[in-house]
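Asker: You'll find upload.cif just under this line, and it carries mmCIF, C-alpha atoms.
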data_query
#
loop_
_atom_site.label_atom_id
_atom_site.label_comp_id
_atom_site.auth_asym_id
_atom_site.auth_seq_id
_atom_site.Cartn_x
_atom_site.Cartn_y
_atom_site.Cartn_z
CA MET D 1 10.16 -17.72 -8.65
CA ASN D 2 8.39 -17.89 -11.99
CA TRP D 3 5.68 -20.14 -10.52
CA LEU D 4 4.85 -17.43 -7.98
CA ARG D 5 4.44 -14.82 -10.73
CA ARG D 6 2.19 -17.14 -12.69
CA MET D 7 0.10 -17.93 -9.61
CA MET D 8 -0.30 -14.24 -8.69
CA TYR D 9 -1.21 -13.16 -12.22
CA GLY D 10 -4.64 -11.51 -12.13
CA ARG D 11 -4.70 -11.38 -8.33
CA TYR D 12 -4.76 -8.26 -6.17
CA GLY D 13 -1.54 -8.82 -4.20
CA GLY D 14 -0.32 -6.87 -1.19
CA ASP D 15 -1.12 -3.30 -0.22
CA GLN D 16 -0.96 -1.12 2.89
CA LEU D 17 -3.98 -2.77 4.54
CA SER D 18 -2.54 -6.25 3.95
CA CYS D 19 0.78 -5.21 5.50
CA PHE D 20 -1.06 -3.71 8.48
CA LEU D 21 -3.05 -6.93 8.92
CA LEU D 22 0.13 -9.00 8.88
CA VAL D 23 1.69 -6.78 11.56
CA VAL D 24 -1.46 -7.13 13.69
CA TYR D 25 -1.29 -10.90 13.17
CA VAL D 26 2.29 -11.04 14.44
CA LEU D 27 1.45 -8.88 17.48
CA LEU D 28 -1.60 -10.96 18.37
CA THR D 29 0.40 -14.18 17.96
CA LEU D 30 3.05 -12.87 20.35
CA LEU D 31 0.41 -11.74 22.85
CA SER D 32 -1.39 -15.08 22.67
CA GLY D 33 1.66 -16.70 24.26
CA LEU D 34 0.95 -14.87 27.51
CA PRO D 35 -1.11 -16.64 30.17
CA HIS D 36 -4.91 -16.26 29.91
CA LEU D 37 -4.68 -14.78 26.39
CA TRP D 38 -4.77 -18.00 24.35
CA ALA D 39 -8.01 -16.91 22.66
CA LEU D 40 -6.08 -14.22 20.79
CA SER D 41 -4.50 -16.93 18.67
CA TRP D 42 -7.91 -17.61 17.06
CA LEU D 43 -8.35 -13.91 16.33
CA ALA D 44 -4.82 -13.80 14.89
CA LEU D 45 -5.62 -16.76 12.65
CA ALA D 46 -8.80 -15.05 11.40
CA ILE D 47 -6.81 -11.89 10.59
CA LEU D 48 -4.20 -13.95 8.73
CA VAL D 49 -6.89 -15.70 6.67
CA TRP D 50 -8.50 -12.33 5.85
CA SER D 51 -5.14 -10.90 4.78
CA PHE D 52 -4.42 -13.86 2.47
CA PHE D 53 -7.96 -13.69 1.11
CA ARG D 54 -7.35 -10.04 0.16
CA MET D 55 -3.99 -10.84 -1.44
CA PHE D 56 -5.30 -13.72 -3.56
CA SER D 57 -8.55 -12.00 -4.50
CA ARG D 58 -9.35 -11.21 -8.13
CA ASN D 59 -11.81 -8.43 -7.23
CA TYR D 60 -9.57 -5.39 -7.74
CA ASN D 61 -12.25 -2.74 -7.29
CA GLN D 62 -13.44 -3.95 -3.90
CA ARG D 63 -9.89 -4.46 -2.56
CA ARG D 64 -8.88 -0.97 -3.71
CA ALA D 65 -11.95 0.51 -2.03
CA GLU D 66 -11.09 -1.30 1.22
CA ASN D 67 -7.52 -0.02 1.06
CA ALA D 68 -8.72 3.54 0.35
CA ARG D 69 -11.02 3.42 3.41
CA PHE D 70 -8.13 2.14 5.50
CA LEU D 71 -5.84 4.92 4.26
CA THR D 72 -8.42 7.62 5.06
CA LEU D 73 -8.67 6.28 8.62
CA ALA D 74 -4.96 5.60 9.15
CA GLY D 75 -3.64 8.48 7.02
CA PRO D 76 -3.20 11.03 9.82
CA ALA D 77 -1.36 8.53 12.01
CA LEU D 78 0.90 7.47 9.13
CA ARG D 79 1.71 11.08 8.25
CA TRP D 80 2.49 11.81 11.91
CA LEU D 81 4.85 8.82 12.10
CA LYS D 82 6.62 9.82 8.89
CA MET D 83 7.05 13.38 10.19
CA ARG D 84 8.47 12.10 13.49
CA ARG D 85 10.96 9.96 11.57
CA THR D 86 11.96 12.94 9.42
CA ILE D 87 12.46 15.15 12.48
CA LEU D 88 14.59 12.51 14.23
CA ARG D 89 16.80 11.95 11.17
CA ASP D 90 17.34 15.63 10.26
CA ARG D 91 19.99 17.02 12.60
CA GLU D 92 20.59 20.21 10.62
CA HIS D 93 17.10 21.72 10.96
CA ARG D 94 14.46 22.42 13.59
CA TYR D 95 10.81 21.84 12.79
CA PHE D 96 8.05 24.12 14.05
CA ARG D 97 4.34 23.89 13.67
CA CYS D 98 2.35 26.91 12.53
CA PRO D 99 0.00 27.96 15.36
CA ASN D 100 -2.67 28.94 12.82
CA CYS D 101 -2.86 26.13 10.24
CA GLY D 102 -0.67 23.36 11.73
CA GLN D 103 1.76 23.23 8.79
CA TYR D 104 5.27 22.00 9.67
CA LEU D 105 8.00 24.53 8.87
CA ARG D 106 11.73 23.80 8.71
CA VAL D 107 14.36 26.26 9.98
CA PRO D 108 18.17 25.78 10.08
CA ARG D 109 19.55 25.10 13.56
CA GLY D 110 21.69 27.65 15.37
CA MET D 111 20.09 30.81 13.94
CA GLY D 112 18.99 32.13 17.34
CA ARG D 113 15.57 33.77 17.50
CA VAL D 114 13.99 33.82 14.06
CA THR D 115 10.73 35.10 12.69
CA ILE D 116 9.03 32.34 10.74
CA ASN D 117 6.51 33.12 8.02
CA CYS D 118 4.11 30.32 7.21
CA ARG D 119 3.88 29.69 3.48
CA SER D 120 0.37 28.24 3.75
CA CYS D 121 -1.51 30.87 5.71
CA GLY D 122 0.93 33.81 5.94
CA VAL D 123 1.08 34.02 9.74
CA SER D 124 4.37 35.20 11.28
CA PHE D 125 5.60 33.89 14.61
CA GLU D 126 8.90 33.97 16.46
CA GLU D 127 10.78 30.92 17.69
CA LYS D 128 14.28 30.02 18.86
CA SER D 129 16.13 27.70 16.52
#
Just give me the structure of the file as structure tokens.

Answerer:
Amino acid sequence: MNWLRRMMYGRYGGDQLSCFLLVVYVLLTLLSGLPHLWALSWLALAILVWSFFRMFSRNYNQRRAENARFLTLAGPALRWLKMRRTILRDREHRYFRCPNCGQYLRVPRGMGRVTINCRSCGVSFEEKS
């Protein structure tokens, strides 16, 4: 394991974009097994090479800028997925979205009809919990 640390010293390593590229690589590799989609294997290989190039790169500033651009594009989707996961795991609360600003608000289950006041914009609305 020490040889891996020594090899990666001074290199950029993995980040969110690299993980995303590896997931895309796996999906494209699986799809390339279907009939008439063999060309996807070349695209998958190119994505894998790009991902490893980013991980072994010594140019920190450029890799960080690439990852920041990726996060600005994928940020809303990632936040939505995290919120969905939170809602599915939390059985004690109901989540409502403010009709004015879109902020998610958490209310205990089983309270009947409640008036919810948004902390961000101050709008009040009524929902059934």

Asker: Calculate how many Å separate CA of Leu22 (chain D) from CA of Ser41 (chain D), rounding to one decimal.

Answerer: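 CA of Ser41 (chain D) lies at a distance of 13.4 Å from CA of Leu22 (chain D).
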
Asker: Report the distance between CA of Arg119 (chain D) and CA of Val107 (chain D) in Å, rounded to one decimal place.

Answerer: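 About the pair CA of Arg119 (chain D) and CA of Val107 (chain D): they are 12.8 Å apart.
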
Asker: For the provided coordinates, the residues matched by the PyMOL selection byres ((chain D and resi 59-74) around 10) should be stated as a VMD selection string.

Answerer: chain D and resid 10 to 18 20 54 to 58 75 to 79

Asker: What does the distance from CA of Arg84 (chain D) to CA of Thr115 (chain D) come to in Å, to one decimal?

Answerer: 23.1 Å

Asker: Counting all atoms listed in the file, figure out which residue out of D:Val114, D:Val24, D:Lys82, D:Pro99 gets nearest to Leu43 (chain D).

Answerer: D:Val24

Asker: Since the input is missing atoms, can you rebuild N, CA, C and O atoms for region 90-109 of chain D and write them as a PDB file, keeping the file's coordinate frame?

Answerer:
ATOM      1  N   ASP D  90      16.782  14.351  10.740  1.00  0.00           N
ATOM      2  CA  ASP D  90      17.340  15.630  10.260  1.00  0.00           C
ATOM      3  C   ASP D  90      17.954  16.378  11.433  1.00  0.00           C
ATOM      4  O   ASP D  90      17.258  16.985  12.237  1.00  0.00           O
ATOM      5  N   ARG D  91      19.278  16.351  11.507  1.00  0.00           N
ATOM      6  CA  ARG D  91      19.990  17.020  12.600  1.00  0.00           C
ATOM      7  C   ARG D  91      20.363  18.453  12.266  1.00  0.00           C
ATOM      8  O   ARG D  91      20.836  19.182  13.126  1.00  0.00           O
ATOM      9  N   GLU D  92      20.175  18.877  11.035  1.00  0.00           N
ATOM     10  CA  GLU D  92      20.590  20.210  10.620  1.00  0.00           C
ATOM     11  C   GLU D  92      19.473  21.239  10.710  1.00  0.00           C
ATOM     12  O   GLU D  92      19.715  22.423  10.554  1.00  0.00           O
ATOM     13  N   HIS D  93      18.235  20.803  10.944  1.00  0.00           N
ATOM     14  CA  HIS D  93      17.100  21.720  10.960  1.00  0.00           C
ATOM     15  C   HIS D  93      16.229  21.485  12.196  1.00  0.00           C
ATOM     16  O   HIS D  93      16.234  20.408  12.779  1.00  0.00           O
ATOM     17  N   ARG D  94      15.492  22.516  12.559  1.00  0.00           N
ATOM     18  CA  ARG D  94      14.460  22.420  13.590  1.00  0.00           C
ATOM     19  C   ARG D  94      13.117  22.524  12.888  1.00  0.00           C
ATOM     20  O   ARG D  94      12.974  23.244  11.899  1.00  0.00           O
ATOM     21  N   TYR D  95      12.142  21.832  13.382  1.00  0.00           N
ATOM     22  CA  TYR D  95      10.810  21.840  12.790  1.00  0.00           C
ATOM     23  C   TYR D  95       9.844  22.486  13.761  1.00  0.00           C
ATOM     24  O   TYR D  95       9.835  22.168  14.951  1.00  0.00           O
ATOM     25  N   PHE D  96       9.064  23.431  13.256  1.00  0.00           N
ATOM     26  CA  PHE D  96       8.050  24.120  14.050  1.00  0.00           C
ATOM     27  C   PHE D  96       6.708  23.956  13.370  1.00  0.00           C
ATOM     28  O   PHE D  96       6.624  23.828  12.150  1.00  0.00           O
ATOM     29  N   ARG D  97       5.692  23.999  14.186  1.00  0.00           N
ATOM     30  CA  ARG D  97       4.340  23.890  13.670  1.00  0.00           C
ATOM     31  C   ARG D  97       3.688  25.255  13.696  1.00  0.00           C
ATOM     32  O   ARG D  97       3.759  25.965  14.699  1.00  0.00           O
ATOM     33  N   CYS D  98       3.037  25.615  12.609  1.00  0.00           N
ATOM     34  CA  CYS D  98       2.350  26.910  12.530  1.00  0.00           C
ATOM     35  C   CYS D  98       1.196  26.900  13.521  1.00  0.00           C
ATOM     36  O   CYS D  98       0.390  25.968  13.535  1.00  0.00           O
ATOM     37  N   PRO D  99       1.091  27.932  14.375  1.00  0.00           N
ATOM     38  CA  PRO D  99       0.000  27.960  15.360  1.00  0.00           C
ATOM     39  C   PRO D  99      -1.371  28.178  14.709  1.00  0.00           C
ATOM     40  O   PRO D  99      -2.397  27.887  15.324  1.00  0.00           O
ATOM     41  N   ASN D 100      -1.395  28.652  13.475  1.00  0.00           N
ATOM     42  CA  ASN D 100      -2.670  28.940  12.820  1.00  0.00           C
ATOM     43  C   ASN D 100      -3.195  27.747  12.032  1.00  0.00           C
ATOM     44  O   ASN D 100      -4.325  27.326  12.219  1.00  0.00           O
ATOM     45  N   CYS D 101      -2.366  27.193  11.134  1.00  0.00           N
ATOM     46  CA  CYS D 101      -2.860  26.130  10.240  1.00  0.00           C
ATOM     47  C   CYS D 101      -2.292  24.758  10.548  1.00  0.00           C
ATOM     48  O   CYS D 101      -2.791  23.762  10.039  1.00  0.00           O
ATOM     49  N   GLY D 102      -1.229  24.652  11.369  1.00  0.00           N
ATOM     50  CA  GLY D 102      -0.670  23.360  11.730  1.00  0.00           C
ATOM     51  C   GLY D 102       0.380  22.843  10.768  1.00  0.00           C
ATOM     52  O   GLY D 102       0.864  21.730  10.929  1.00  0.00           O
ATOM     53  N   GLN D 103       0.742  23.627   9.767  1.00  0.00           N
ATOM     54  CA  GLN D 103       1.760  23.230   8.790  1.00  0.00           C
ATOM     55  C   GLN D 103       3.117  23.144   9.468  1.00  0.00           C
ATOM     56  O   GLN D 103       3.464  23.982  10.295  1.00  0.00           O
ATOM     57  N   TYR D 104       3.921  22.101   9.145  1.00  0.00           N
ATOM     58  CA  TYR D 104       5.270  22.000   9.670  1.00  0.00           C
ATOM     59  C   TYR D 104       6.198  22.873   8.834  1.00  0.00           C
ATOM     60  O   TYR D 104       6.158  22.861   7.612  1.00  0.00           O
ATOM     61  N   LEU D 105       7.056  23.633   9.531  1.00  0.00           N
ATOM     62  CA  LEU D 105       8.000  24.530   8.870  1.00  0.00           C
ATOM     63  C   LEU D 105       9.403  24.197   9.347  1.00  0.00           C
ATOM     64  O   LEU D 105       9.635  23.964  10.534  1.00  0.00           O
ATOM     65  N   ARG D 106      10.362  24.186   8.421  1.00  0.00           N
ATOM     66  CA  ARG D 106      11.730  23.800   8.710  1.00  0.00           C
ATOM     67  C   ARG D 106      12.625  25.028   8.736  1.00  0.00           C
ATOM     68  O   ARG D 106      12.580  25.861   7.833  1.00  0.00           O
ATOM     69  N   VAL D 107      13.447  25.126   9.800  1.00  0.00           N
ATOM     70  CA  VAL D 107      14.360  26.260   9.980  1.00  0.00           C
ATOM     71  C   VAL D 107      15.734  25.692  10.316  1.00  0.00           C
ATOM     72  O   VAL D 107      15.838  24.741  11.094  1.00  0.00           O
ATOM     73  N   PRO D 108      16.814  26.259   9.744  1.00  0.00           N
ATOM     74  CA  PRO D 108      18.170  25.780  10.080  1.00  0.00           C
ATOM     75  C   PRO D 108      18.454  25.954  11.568  1.00  0.00           C
ATOM     76  O   PRO D 108      18.049  26.939  12.190  1.00  0.00           O
ATOM     77  N   ARG D 109      19.172  25.015  12.143  1.00  0.00           N
ATOM     78  CA  ARG D 109      19.550  25.100  13.560  1.00  0.00           C
ATOM     79  C   ARG D 109      20.608  26.177  13.763  1.00  0.00           C
ATOM     80  O   ARG D 109      21.381  26.483  12.864  1.00  0.00           O
TER      81      ARG D 109
END
